[in-house]
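Chemist: Just so it is clear, I am handing over coords-v6.csv, which has CSV, C-alpha atoms.
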```csv
chain,number,residue,atom,x,y,z
P,15,MET,CA,145.5,209.2,104.8
P,16,LYS,CA,145.0,212.0,107.3
P,17,ALA,CA,144.7,211.2,111.0
P,18,TYR,CA,143.2,213.5,113.7
P,19,LEU,CA,145.5,213.1,116.7
P,20,ALA,CA,143.0,213.4,119.6
P,21,GLY,CA,143.9,213.4,123.2
P,22,PRO,CA,144.7,215.2,126.4
P,23,ASP,CA,148.2,215.7,124.8
P,24,VAL,CA,147.1,219.3,124.1
P,25,PHE,CA,147.2,220.0,127.8
P,26,LEU,CA,150.9,218.8,128.2
P,27,PRO,CA,153.4,221.5,129.0
P,28,ASN,CA,155.4,220.4,126.0
P,29,ALA,CA,152.3,219.9,123.8
P,30,ARG,CA,154.1,221.0,120.6
P,31,ASP,CA,157.1,218.7,121.0
P,32,ASN,CA,154.7,215.8,121.8
P,33,ALA,CA,152.7,216.6,118.6
P,34,LEU,CA,155.8,216.7,116.5
P,35,ALA,CA,156.9,213.3,117.8
P,36,LYS,CA,153.5,211.8,117.1
P,37,ILE,CA,153.6,213.2,113.5
P,38,ALA,CA,157.0,211.6,113.0
P,39,ILE,CA,155.7,208.2,114.2
P,40,CYS,CA,152.6,208.5,111.9
P,41,ALA,CA,154.8,209.4,108.9
P,42,ALA,CA,156.8,206.2,109.4
P,43,TYR,CA,153.6,204.3,108.8
P,44,GLY,CA,152.3,206.3,105.8
P,45,ILE,CA,149.9,208.4,107.8
P,46,THR,CA,149.7,212.2,108.0
P,47,GLY,CA,149.1,213.1,111.6
P,48,ARG,CA,147.1,216.3,112.4
P,49,PRO,CA,147.4,217.5,116.0
P,50,PRO,CA,144.7,220.0,117.1
P,51,LEU,CA,147.1,222.6,118.5
P,52,ASN,CA,145.3,225.5,116.8
P,53,GLU,CA,148.5,227.4,116.3
P,54,ALA,CA,146.9,229.3,113.4
P,55,LEU,CA,144.5,231.0,115.7
P,56,GLY,CA,147.3,233.0,117.4
P,57,ASP,CA,147.3,233.7,121.1
P,58,VAL,CA,143.8,232.7,122.2
P,59,THR,CA,144.6,233.6,125.8
P,60,ALA,CA,144.6,237.3,124.7
P,61,MET,CA,141.0,237.0,123.4
P,62,PRO,CA,137.8,237.2,125.4
P,63,GLU,CA,137.0,233.7,126.7
P,64,ASP,CA,133.6,233.4,124.9
P,65,ILE,CA,135.3,234.1,121.5
P,66,ALA,CA,138.4,232.0,122.2
P,67,TRP,CA,136.7,228.7,123.0
P,68,ARG,CA,134.3,228.9,120.1
P,69,LEU,CA,137.3,229.6,117.7
P,70,ILE,CA,139.1,226.5,119.1
P,71,PHE,CA,135.9,224.4,118.8
P,72,ARG,CA,135.3,225.4,115.2
P,73,SER,CA,139.0,225.0,114.3
P,74,ASP,CA,139.0,221.5,115.8
P,75,ILE,CA,135.8,220.5,113.9
P,76,GLU,CA,137.2,221.8,110.7
P,77,MET,CA,140.3,219.7,111.2
P,78,MET,CA,138.2,216.7,112.0
P,79,GLU,CA,136.2,217.2,108.8
P,80,GLU,CA,139.5,217.2,106.8
P,81,CYS,CA,140.8,214.0,108.4
P,82,ASP,CA,140.0,210.4,107.3
P,83,ILE,CA,140.5,208.7,110.7
P,84,ILE,CA,141.0,209.5,114.3
P,85,ILE,CA,143.8,208.1,116.5
P,86,ALA,CA,142.7,208.9,120.0
P,87,ASN,CA,144.7,208.9,123.2
P,88,LEU,CA,142.2,207.3,125.6
P,89,THR,CA,144.6,207.4,128.6
P,90,PRO,CA,142.5,208.3,131.7
P,91,PHE,CA,142.5,212.0,132.5
P,92,ARG,CA,141.2,213.6,135.7
P,93,GLY,CA,138.8,210.8,136.4
P,94,ALA,CA,138.1,207.1,135.9
P,95,SER,CA,137.7,207.6,132.1
P,96,ALA,CA,139.4,209.1,129.1
P,97,ASP,CA,139.6,212.9,128.4
P,98,ALA,CA,136.1,214.4,127.8
P,99,GLY,CA,136.9,216.4,124.7
P,100,THR,CA,138.6,213.3,123.1
P,101,LEU,CA,135.4,211.3,123.7
P,102,ILE,CA,133.2,213.9,121.9
P,103,GLU,CA,135.7,213.6,119.0
P,104,VAL,CA,135.7,209.7,119.0
P,105,GLY,CA,131.8,209.8,119.0
P,106,TRP,CA,131.8,212.3,116.2
P,107,PHE,CA,134.1,210.2,113.9
P,108,LEU,CA,131.9,207.1,114.5
P,109,GLY,CA,128.8,209.2,113.8
P,110,ARG,CA,130.4,210.4,110.6
P,111,ARG,CA,131.3,206.8,109.6
P,112,LYS,CA,135.0,207.5,109.6
P,113,ASN,CA,137.6,205.1,111.0
P,114,VAL,CA,138.3,205.2,114.8
P,115,PHE,CA,141.4,203.9,116.4
P,116,GLY,CA,142.5,204.4,120.0
P,117,TYR,CA,145.1,203.5,122.7
P,118,SER,CA,145.6,204.0,126.4
P,119,ASN,CA,148.7,204.1,128.5
P,120,SER,CA,146.8,202.6,131.4
P,121,ALA,CA,146.9,198.8,131.7
P,122,THR,CA,144.5,199.0,134.6
P,123,LEU,CA,140.9,198.0,133.8
P,124,PHE,CA,138.0,200.4,134.1
P,125,ALA,CA,136.3,198.7,137.1
P,126,ALA,CA,139.5,198.8,139.2
P,127,ARG,CA,140.1,202.5,138.2
P,128,SER,CA,136.5,203.3,139.1
P,129,GLN,CA,136.8,201.7,142.5
P,130,ALA,CA,140.0,203.6,143.1
P,131,HIS,CA,138.3,206.8,142.1
P,132,ILE,CA,135.4,206.2,144.4
P,133,ALA,CA,137.9,205.6,147.3
P,134,ALA,CA,139.5,209.0,146.6
P,135,VAL,CA,136.3,210.9,145.7
P,136,PRO,CA,133.2,209.2,147.1
P,137,ASP,CA,130.2,208.8,144.7
P,138,PRO,CA,127.4,211.4,145.2
P,139,LEU,CA,124.9,208.8,146.3
P,140,PRO,CA,125.1,205.1,147.4
P,141,GLY,CA,124.4,202.2,145.0
P,142,LEU,CA,125.7,203.7,141.8
P,143,MET,CA,126.7,200.8,139.6
P,144,VAL,CA,130.4,200.2,138.7
P,145,GLU,CA,130.7,199.0,135.1
P,146,GLY,CA,132.9,196.1,134.5
P,147,PHE,CA,132.9,193.7,131.5
P,148,GLY,CA,136.7,193.3,131.8
P,149,LEU,CA,137.0,196.5,129.6
P,150,PRO,CA,139.6,199.4,129.7
P,151,ASP,CA,136.8,202.0,129.9
P,152,ASN,CA,133.0,202.6,129.7
P,153,LEU,CA,131.7,200.1,127.1
P,154,MET,CA,130.7,202.8,124.7
P,155,ILE,CA,134.5,203.6,124.2
P,156,PRO,CA,135.8,200.2,123.2
P,157,GLY,CA,132.5,199.8,121.4
P,158,ALA,CA,133.1,202.9,119.3
P,159,VAL,CA,136.7,201.9,118.6
P,160,GLU,CA,135.8,198.3,117.6
P,161,ALA,CA,132.8,199.5,115.5
P,162,GLY,CA,134.8,202.3,113.9
P,163,GLY,CA,138.1,200.6,113.1
P,164,GLY,CA,137.7,196.9,113.8
P,165,LEU,CA,140.3,196.8,116.5
P,166,PRO,CA,140.3,196.9,120.3
P,167,ILE,CA,141.7,199.8,122.2
P,168,ILE,CA,145.5,199.2,122.1
P,169,LEU,CA,146.9,198.7,125.6
P,170,PRO,CA,150.4,198.2,127.0
P,171,ALA,CA,151.3,194.7,125.7
P,172,ASP,CA,153.2,193.8,128.9
P,173,GLY,CA,150.3,194.8,131.1
P,174,GLU,CA,152.3,197.6,132.8
P,175,ASP,CA,150.9,201.1,133.1
P,176,ARG,CA,153.0,203.6,131.1
P,177,ALA,CA,153.9,207.2,132.0
P,178,PHE,CA,151.1,209.6,131.0
P,179,ALA,CA,152.9,211.0,127.9
P,180,ALA,CA,154.8,207.8,126.8
P,181,LEU,CA,154.5,207.1,123.1
P,182,ASP,CA,155.3,203.4,122.6
P,183,VAL,CA,151.6,202.3,122.9
P,184,PHE,CA,150.7,205.2,120.5
P,185,GLU,CA,153.2,203.7,118.0
P,186,ALA,CA,151.7,200.2,118.5
P,187,CYS,CA,148.3,201.7,117.7
P,188,VAL,CA,149.5,203.6,114.6
P,189,ALA,CA,151.1,200.4,113.4
P,190,ALA,CA,147.9,198.4,114.0
P,191,ALA,CA,145.8,201.0,112.3
P,192,ALA,CA,148.2,201.1,109.3
P,193,ARG,CA,148.0,197.3,108.9
P,194,LYS,CA,144.2,197.5,109.2
P,195,LEU,CA,144.0,200.2,106.5
P,196,GLY,CA,146.4,198.3,104.2
P,197,LEU,CA,149.1,201.0,104.5
P,198,ALA,CA,151.7,198.7,105.9
Y,21,MET,CA,110.1,213.6,117.9
Y,22,LYS,CA,112.1,210.8,119.6
Y,23,ALA,CA,114.8,211.8,122.1
Y,24,TYR,CA,117.7,209.5,123.2
Y,25,LEU,CA,117.9,210.1,127.0
Y,26,ALA,CA,121.7,209.7,127.6
Y,27,GLY,CA,123.4,209.9,130.9
Y,28,PRO,CA,124.9,208.2,133.9
Y,29,ASP,CA,121.2,207.7,135.0
Y,30,VAL,CA,121.6,204.1,133.8
Y,31,PHE,CA,124.0,203.5,136.8
Y,32,LEU,CA,121.4,204.7,139.3
Y,33,PRO,CA,120.1,202.0,141.7
Y,34,ASN,CA,116.5,203.1,140.7
Y,35,ALA,CA,117.4,203.5,137.0
Y,36,ARG,CA,114.0,202.3,135.8
Y,37,ASP,CA,112.0,204.7,137.9
Y,38,ASN,CA,114.3,207.5,136.9
Y,39,ALA,CA,113.8,206.7,133.3
Y,40,LEU,CA,110.0,206.5,133.7
Y,41,ALA,CA,110.0,210.0,135.3
Y,42,LYS,CA,112.1,211.4,132.5
Y,43,ILE,CA,109.8,209.8,129.9
Y,44,ALA,CA,106.8,211.5,131.6
Y,45,ILE,CA,108.5,214.9,131.6
Y,46,CYS,CA,109.3,214.5,127.9
Y,47,ALA,CA,105.7,213.6,127.1
Y,48,ALA,CA,104.5,216.8,128.7
Y,49,TYR,CA,106.5,218.7,126.1
Y,50,GLY,CA,105.6,216.6,123.0
Y,51,ILE,CA,108.8,214.5,123.0
Y,52,THR,CA,109.0,210.7,123.1
Y,53,GLY,CA,111.8,209.9,125.5
Y,54,ARG,CA,113.9,206.7,124.9
Y,55,PRO,CA,116.1,205.6,127.8
Y,56,PRO,CA,118.9,203.1,127.0
Y,57,LEU,CA,118.0,200.6,129.7
Y,58,ASN,CA,118.3,197.7,127.3
Y,59,GLU,CA,115.5,195.7,129.0
Y,60,ALA,CA,114.8,193.8,125.9
Y,61,LEU,CA,118.2,192.1,126.1
Y,62,GLY,CA,117.2,190.2,129.3
Y,63,ASP,CA,119.7,189.6,132.1
Y,64,VAL,CA,123.0,190.6,130.6
Y,65,THR,CA,124.8,189.8,133.9
Y,66,ALA,CA,124.1,186.1,133.2
Y,67,MET,CA,125.9,186.3,129.8
Y,68,PRO,CA,129.7,186.1,129.2
Y,69,GLU,CA,131.1,189.6,129.6
Y,70,ASP,CA,132.4,189.9,126.0
Y,71,ILE,CA,129.0,189.0,124.6
Y,72,ALA,CA,127.0,191.2,127.1
Y,73,TRP,CA,128.9,194.5,126.5
Y,74,ARG,CA,128.7,194.2,122.7
Y,75,LEU,CA,125.0,193.5,122.9
Y,76,ILE,CA,124.5,196.6,125.0
Y,77,PHE,CA,126.7,198.7,122.6
Y,78,ARG,CA,124.7,197.5,119.5
Y,79,SER,CA,121.4,198.0,121.3
Y,80,ASP,CA,122.4,201.6,122.3
Y,81,ILE,CA,123.6,202.5,118.8
Y,82,GLU,CA,120.3,201.1,117.3
Y,83,MET,CA,118.3,203.2,119.7
Y,84,MET,CA,120.4,206.2,118.8
Y,85,GLU,CA,119.8,205.6,115.1
Y,86,GLU,CA,116.0,205.6,115.7
Y,87,CYS,CA,116.1,208.8,117.7
Y,88,ASP,CA,116.0,212.3,116.2
Y,89,ILE,CA,117.7,214.2,119.1
Y,90,ILE,CA,119.8,213.5,122.2
Y,91,ILE,CA,119.0,215.0,125.6
Y,92,ALA,CA,122.2,214.3,127.6
Y,93,ASN,CA,122.7,214.4,131.3
Y,94,LEU,CA,126.1,216.0,131.5
Y,95,THR,CA,126.4,216.1,135.3
Y,96,PRO,CA,130.0,215.2,136.2
Y,97,PHE,CA,130.5,211.5,136.9
Y,98,ARG,CA,133.6,210.0,138.6
Y,99,GLY,CA,135.9,212.8,137.5
Y,100,ALA,CA,136.0,216.4,136.5
Y,101,SER,CA,133.8,215.9,133.4
Y,102,ALA,CA,130.5,214.3,132.3
Y,103,ASP,CA,130.0,210.5,132.0
Y,104,ALA,CA,132.3,208.9,129.3
Y,105,GLY,CA,129.7,206.9,127.5
Y,106,THR,CA,127.4,209.9,127.4
Y,107,LEU,CA,130.1,211.9,125.7
Y,108,ILE,CA,130.6,209.3,123.0
Y,109,GLU,CA,126.9,209.5,122.3
Y,110,VAL,CA,126.8,213.3,122.2
Y,111,GLY,CA,129.7,213.3,119.7
Y,112,TRP,CA,127.9,210.6,117.6
Y,113,PHE,CA,124.7,212.7,117.4
Y,114,LEU,CA,126.7,215.8,116.3
Y,115,GLY,CA,128.6,213.7,113.8
Y,116,ARG,CA,125.3,212.3,112.4
Y,117,ARG,CA,124.0,215.9,112.2
Y,118,LYS,CA,121.2,215.3,114.6
Y,119,ASN,CA,120.1,217.8,117.3
Y,120,VAL,CA,122.0,217.8,120.6
Y,121,PHE,CA,120.7,219.2,123.9
Y,122,GLY,CA,122.2,218.7,127.3
Y,123,TYR,CA,122.1,219.8,131.0
Y,124,SER,CA,124.1,219.4,134.2
Y,125,ASN,CA,123.1,219.3,137.8
Y,126,SER,CA,126.4,220.9,138.7
Y,127,ALA,CA,126.5,224.7,138.8
Y,128,THR,CA,130.3,224.6,139.5
Y,129,LEU,CA,132.4,225.6,136.6
Y,130,PHE,CA,134.9,223.1,134.9
Y,131,ALA,CA,138.1,224.9,136.0
Y,132,ALA,CA,137.0,224.8,139.7
Y,133,ARG,CA,135.9,221.2,139.5
Y,134,SER,CA,139.3,220.3,137.8
Y,135,GLN,CA,141.3,222.0,140.5
Y,136,ALA,CA,139.2,220.2,143.2
Y,137,HIS,CA,139.9,216.9,141.3
Y,138,ILE,CA,143.6,217.6,141.2
Y,139,ALA,CA,143.6,218.3,145.0
Y,140,ALA,CA,142.0,214.9,145.6
Y,141,VAL,CA,143.8,212.9,142.9
Y,142,PRO,CA,147.1,214.6,141.8
Y,143,ASP,CA,147.8,214.9,138.1
Y,144,PRO,CA,150.2,212.3,136.7
Y,145,LEU,CA,152.8,215.0,135.8
Y,146,PRO,CA,153.3,218.7,136.7
Y,147,GLY,CA,152.2,221.5,134.4
Y,148,LEU,CA,149.2,219.9,132.8
Y,149,MET,CA,146.9,222.7,131.7
Y,150,VAL,CA,143.6,223.4,133.4
Y,151,GLU,CA,141.0,224.5,130.9
Y,152,GLY,CA,138.9,227.4,131.8
Y,153,PHE,CA,136.9,229.7,129.5
Y,154,GLY,CA,134.2,230.1,132.1
Y,155,LEU,CA,132.6,226.9,130.8
Y,156,PRO,CA,130.8,224.0,132.6
Y,157,ASP,CA,133.0,221.3,131.0
Y,158,ASN,CA,135.8,220.7,128.4
Y,159,LEU,CA,135.0,223.2,125.5
Y,160,MET,CA,134.2,220.3,123.1
Y,161,ILE,CA,131.1,219.6,125.2
Y,162,PRO,CA,129.4,223.0,125.2
Y,163,GLY,CA,130.7,223.3,121.7
Y,164,ALA,CA,128.9,220.1,120.6
Y,165,VAL,CA,125.7,221.2,122.4
Y,166,GLU,CA,125.7,224.7,120.9
Y,167,ALA,CA,126.6,223.5,117.4
Y,168,GLY,CA,124.1,220.6,117.6
Y,169,GLY,CA,121.1,222.3,119.1
Y,170,GLY,CA,121.7,226.1,119.2
Y,171,LEU,CA,121.5,226.2,123.0
Y,172,PRO,CA,124.1,226.3,125.9
Y,173,ILE,CA,124.3,223.4,128.4
Y,174,ILE,CA,121.3,224.0,130.7
Y,175,LEU,CA,122.5,224.6,134.2
Y,176,PRO,CA,120.7,225.2,137.6
Y,177,ALA,CA,119.2,228.7,137.1
Y,178,ASP,CA,119.8,229.7,140.7
Y,179,GLY,CA,123.5,228.8,140.6
Y,180,GLU,CA,123.2,226.0,143.2
Y,181,ASP,CA,124.4,222.5,142.6
Y,182,ARG,CA,121.6,220.0,142.5
Y,183,ALA,CA,121.4,216.4,143.9
Y,184,PHE,CA,123.0,213.9,141.4
Y,185,ALA,CA,119.6,212.5,140.3
Y,186,ALA,CA,117.5,215.7,140.6
Y,187,LEU,CA,115.2,216.3,137.5
Y,188,ASP,CA,114.3,220.0,137.6
Y,189,VAL,CA,117.2,221.0,135.4
Y,190,PHE,CA,116.4,218.1,133.1
Y,191,GLU,CA,112.9,219.5,132.8
Y,192,ALA,CA,114.2,223.0,132.0
Y,193,CYS,CA,116.4,221.4,129.3
Y,194,VAL,CA,113.4,219.5,127.8
Y,195,ALA,CA,111.3,222.7,127.8
Y,196,ALA,CA,114.1,224.7,126.1
Y,197,ALA,CA,114.6,221.9,123.5
Y,198,ALA,CA,110.9,221.8,122.8
Y,199,ARG,CA,110.8,225.6,122.3
Y,200,LYS,CA,113.8,225.4,120.0
Y,201,LEU,CA,112.2,222.6,118.0
Y,202,GLY,CA,108.9,224.5,117.7
Y,203,LEU,CA,107.1,221.8,119.8
Y,204,ALA,CA,105.9,224.2,122.5
```
Let me see whether you can do it: turn the structure in this file into structure tokens.
Modeler:
Amino acid sequence: MKAYLAGPDVFLPNARDNALAKIAICAAYGITGRPPLNEALGDVTAMPEDIAWRLIFRSDIEMMEECDIIIANLTPFRGASADAGTLIEVGWFLGRRKNVFGYSNSATLFAARSQAHIAAVPDPLPGLMVEGFGLPDNLMIPGAVEAGGGLPIILPADGEDRAFAALDVFEACVAAAARKLGLA
Amino acid sequence: MKAYLAGPDVFLPNARDNALAKIAICAAYGITGRPPLNEALGDVTAMPEDIAWRLIFRSDIEMMEECDIIIANLTPFRGASADAGTLIEVGWFLGRRKNVFGYSNSATLFAARSQAHIAAVPDPLPGLMVEGFGLPDNLMIPGAVEAGGGLPIILPADGEDRAFAALDVFEACVAAAARKLGLA
């Protein structure tokens, strides 16, 4: 069972160590974690930008094709919602009819995060709706996770926000996914 | 040719009028525009939240299944990137091997928007990478649009940011999609 480990984790200064820690957690639950670090591509920063980004995109899609499930880090990233690239990948797995699992290190609901965002960066026009529903993000995200894997987005069980790169909620998500898939 | 009209347009105070204007533009190019307004569901605000959001999710997915292509409004929404729900939908269409087209009313590149976001709302830890590549958003988004429809994300041709709900860049996107699909 190969899992694509999606998330803004690739932007961490210690992205490789973080990926190795996630792989080790997955292994303990019978899952082969695949992080999209694209190390086989070499130094993409030395390439022309229009070549580099397409190589990374194709490499990510190839890894997604090889994986059976996605385990997505849906922690908010530079905005009220989860990381943009991660959301494309979650949608892709649902579209491909592969299992989708996800977690967030934020215990704060989407409506409250949206209001906080608007307070810091005003909306471009008045009257734009703030989505609620008591959900952790835009309804398409818990919808994709529930439709794709049969579970909610896994959140901090104690209701406390975690540090951005904390891995205990990730481990709870891997454990729940493994149970759902009959691996544990 | 049915097009799913994805975007944060559903959050506009005049969402219905906006949707009708988009449908009229699509019709001029031989495309049947389908906006996910979910009017057939009735007043979802009168329903329990956990019923309402699942009805909306299922209704959106059903409309996506019925559509041949997606034309996505990728204008940034409450953060450095495009609207979260729209991104799930773009990924889904790519995963389903259906055509993907998209536009943005922002002419500002992703790296500059990310830096502006960090200035207003500091990152949760130091050293998080800012993605560049001269792209309008996280590389997975122009990647999905290019892989799914053969075109770049359509941007304001004069390099000037548009108002959030402006429709001239949408029309340029519809025209480009129609040409690509041999409709015009």
Chemist: Please determine the contact residues of chain Y with respect to chain P at a cut-off of 7 Å, counting all atoms listed in the file, and supply them as an MDAnalysis selection string.
Modeler: chainID Y and resid 31:33 69:70 73:74 77 98:101 104:105 107:116 137 140:141 144 147:149 153 158:161 163 184
Chemist: Given the choices P:Ala35, P:Met77, P:Ala171, P:Leu19, which gets closest to Pro49 (chain P) if the distance is worked out from only C-alpha atoms?
Modeler: P:Leu19
Chemist: May I ask which of the residues P:Ala130, P:Leu34, P:Val159, P:Ile83 is the closest one to Lys16 (chain P), counting only C-alpha atoms?
Modeler: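 When distances to Lys16 (chain P) are compared using only C-alpha atoms, the smallest one comes from P:Ile83.
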Chemist: State, in Å with one decimal place, the distance from CA of Ala196 (chain Y) to CA of Leu171 (chain Y).
Modeler: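 Between these atoms lies a distance of 8.2 Å.
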Chemist: Using CA of Asp188 (chain Y) and CA of Ala132 (chain Y) as the two end points, give the distance in Å to one decimal.
Modeler: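 For CA of Asp188 (chain Y) relative to CA of Ala132 (chain Y), the distance reads 23.3 Å.
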Chemist: Between Y:Ile174, Y:Val64, Y:Ala26, Y:Val120, which is the closest to Leu201 (chain Y) once you count only C-alpha atoms?
Modeler: Y:Val120
Chemist: Record the distance separating CA of Thr52 (chain Y) and CA of Met84 (chain Y), expressed in Å with one decimal.
Modeler: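 Here the two named atoms are 13.0 Å from each other.
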Chemist: So that I can see what lies close to Asn119 (chain P), please list as a ChimeraX atom specification the residues with an atom at most 8 Å from it, counting all atoms listed in the file and leaving out residues fewer than 6 positions away in the same chain.
Modeler: /P:88-89,169-170,175-178,180,183
Chemist: Leaving out Met15 (chain P) and any residue of its chain fewer than 3 positions from it, which residues lie within 12 Å of it when counting all atoms listed in the file, given as a PyMOL selection string?
Modeler: chain P and resi 18+40-41+43-48+80-85+112-113+188+191-192+195-197
Chemist: Since the input lacks atoms, please generate N, CA and C atoms for region 175-197 of chain P and provide them as an mmCIF file, keeping the file's coordinate frame.
Modeler:
```cif
data_model
loop_
_atom_site.group_PDB
_atom_site.id
_atom_site.type_symbol
_atom_site.label_atom_id
_atom_site.label_comp_id
_atom_site.auth_asym_id
_atom_site.auth_seq_id
_atom_site.Cartn_x
_atom_site.Cartn_y
_atom_site.Cartn_z
ATOM 1 N N ASP P 175 151.273 199.741 133.375
ATOM 2 C CA ASP P 175 150.900 201.100 133.100
ATOM 3 C C ASP P 175 152.138 201.896 132.561
ATOM 4 N N ARG P 176 151.909 202.759 131.588
ATOM 5 C CA ARG P 176 153.000 203.600 131.100
ATOM 6 C C ARG P 176 152.876 205.009 131.698
ATOM 7 N N ALA P 177 153.962 205.774 131.588
ATOM 8 C CA ALA P 177 153.900 207.200 132.000
ATOM 9 C C ALA P 177 152.861 207.885 131.111
ATOM 10 N N PHE P 178 152.265 208.959 131.641
ATOM 11 C CA PHE P 178 151.100 209.600 131.000
ATOM 12 C C PHE P 178 151.432 209.977 129.537
ATOM 13 N N ALA P 179 152.635 210.463 129.267
ATOM 14 C CA ALA P 179 152.900 211.000 127.900
ATOM 15 C C ALA P 179 153.805 210.005 127.104
ATOM 16 N N ALA P 180 153.948 208.764 127.569
ATOM 17 C CA ALA P 180 154.800 207.800 126.800
ATOM 18 C C ALA P 180 154.137 207.555 125.435
ATOM 19 N N LEU P 181 154.984 207.222 124.449
ATOM 20 C CA LEU P 181 154.500 207.100 123.100
ATOM 21 C C LEU P 181 154.629 205.718 122.475
ATOM 22 N N ASP P 182 155.111 204.728 123.232
ATOM 23 C CA ASP P 182 155.300 203.400 122.600
ATOM 24 C C ASP P 182 153.939 202.723 122.348
ATOM 25 N N VAL P 183 152.943 202.931 123.193
ATOM 26 C CA VAL P 183 151.600 202.300 122.900
ATOM 27 C C VAL P 183 150.945 203.084 121.769
ATOM 28 N N PHE P 184 151.158 204.400 121.698
ATOM 29 C CA PHE P 184 150.700 205.200 120.500
ATOM 30 C C PHE P 184 151.270 204.554 119.250
ATOM 31 N N GLU P 185 152.597 204.269 119.245
ATOM 32 C CA GLU P 185 153.200 203.700 118.000
ATOM 33 C C GLU P 185 152.613 202.346 117.686
ATOM 34 N N ALA P 186 152.365 201.524 118.710
ATOM 35 C CA ALA P 186 151.700 200.200 118.500
ATOM 36 C C ALA P 186 150.347 200.414 117.838
ATOM 37 N N CYS P 187 149.629 201.453 118.277
ATOM 38 C CA CYS P 187 148.300 201.700 117.700
ATOM 39 C C CYS P 187 148.381 202.208 116.296
ATOM 40 N N VAL P 188 149.333 203.091 116.006
ATOM 41 C CA VAL P 188 149.500 203.600 114.600
ATOM 42 C C VAL P 188 149.866 202.405 113.710
ATOM 43 N N ALA P 189 150.749 201.522 114.187
ATOM 44 C CA ALA P 189 151.100 200.400 113.400
ATOM 45 C C ALA P 189 149.944 199.456 113.107
ATOM 46 N N ALA P 190 149.118 199.230 114.134
ATOM 47 C CA ALA P 190 147.900 198.400 114.000
ATOM 48 C C ALA P 190 146.932 199.013 113.018
ATOM 49 N N ALA P 191 146.755 200.333 113.148
ATOM 50 C CA ALA P 191 145.800 201.000 112.300
ATOM 51 C C ALA P 191 146.317 200.980 110.814
ATOM 52 N N ALA P 192 147.626 201.172 110.619
ATOM 53 C CA ALA P 192 148.200 201.100 109.300
ATOM 54 C C ALA P 192 147.992 199.767 108.625
ATOM 55 N N ARG P 193 148.212 198.700 109.418
ATOM 56 C CA ARG P 193 148.000 197.300 108.900
ATOM 57 C C ARG P 193 146.501 197.172 108.535
ATOM 58 N N LYS P 194 145.608 197.612 109.410
ATOM 59 C CA LYS P 194 144.200 197.500 109.200
ATOM 60 C C LYS P 194 143.739 198.201 107.922
ATOM 61 N N LEU P 195 144.369 199.337 107.658
ATOM 62 C CA LEU P 195 144.000 200.200 106.500
ATOM 63 C C LEU P 195 144.775 199.792 105.249
ATOM 64 N N GLY P 196 145.628 198.741 105.352
ATOM 65 C CA GLY P 196 146.400 198.300 104.200
ATOM 66 C C GLY P 196 147.518 199.223 103.799
ATOM 67 N N LEU P 197 147.996 200.037 104.736
ATOM 68 C CA LEU P 197 149.100 201.000 104.500
ATOM 69 C C LEU P 197 150.447 200.347 104.722
#
```
